[in-house]
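Below: the structure, in structure tokens.
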Amino acid sequence: MPSIPDKSTRFMIRLARWGCTNRPFYHIVVLPNRKPRNMRPHDQLGSIDPMTNLYGEVLVSINFDRLKYWLNRGAHISKPVEHMLGLAGFLPVHPTSYLQAMRNRKKAEQQIAESMKEEKKSVGGQS
């Protein structure tokens, strides 16, 4: 059960890193704004496992009811959590998501074009 905070305390919904050196996972937690990230949270809203599983998926679980509760209480959202909630469809998609997708698309097109040029050179050189 979450503790009842002071009225003057600002809360932040942010990520708390746990796990080992090469195997991190994150909890989505509600903490006072100026407290360390790994202190005992007022509420844990979900978790993220950024390491892909066998199917290439990143596992994310979020309790949206508790998230709505804390947002109605005036909690602020950190940028990484805001970005993730935009991808989940809870918030509008963050503009940097569009920029990153466009950059990835251009990079993939350039790699395909380079591989096509190399194939043409190798086919042309064999004749």
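Chain labels A, B, ... are given in the sequence in which chains occur in the structure tokens; within each chain residues are numbered consecutively from 1, and ligands are likewise numbered from 1 in the order shown.
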
Residue neighbourhood Asp49 (chain A), 8 Å, only C-alpha atoms, exclusion window fewer than 2 positions, as a VMD selection string: chain A and resid 24 to 26 47 51 to 52 58 to 60

10 Å contact set for region 44-46 of chain A, only C-alpha atoms, chain neighbours under 5 positions out, as a VMD selection string: chain A and resid 2 13 to 16 26 to 31 60 to 67 70

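A straight line drawn from CA of Asn33 (chain A) to CA of Arg10 (chain A) is 5.6 Å long.
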
Gap from CA of Leu87 (chain A) to CA of Gly56 (chain A) - Å, one decimal: 16.7 Å

In region 50-122 of chain A, DSSP helix (DSSP H, G or I) residues written as a ChimeraX atom specification: /A:64-72,79-88,95-122

Every residue of chain A that DSSP places in strand (DSSP E or B), as a PyMOL selection string: chain A and resi 11-19+24-32+43-49+59-62+76-77

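Picture a line from CA of Leu91 (chain A) to CA of Gly74 (chain A); it runs 15.6 Å.
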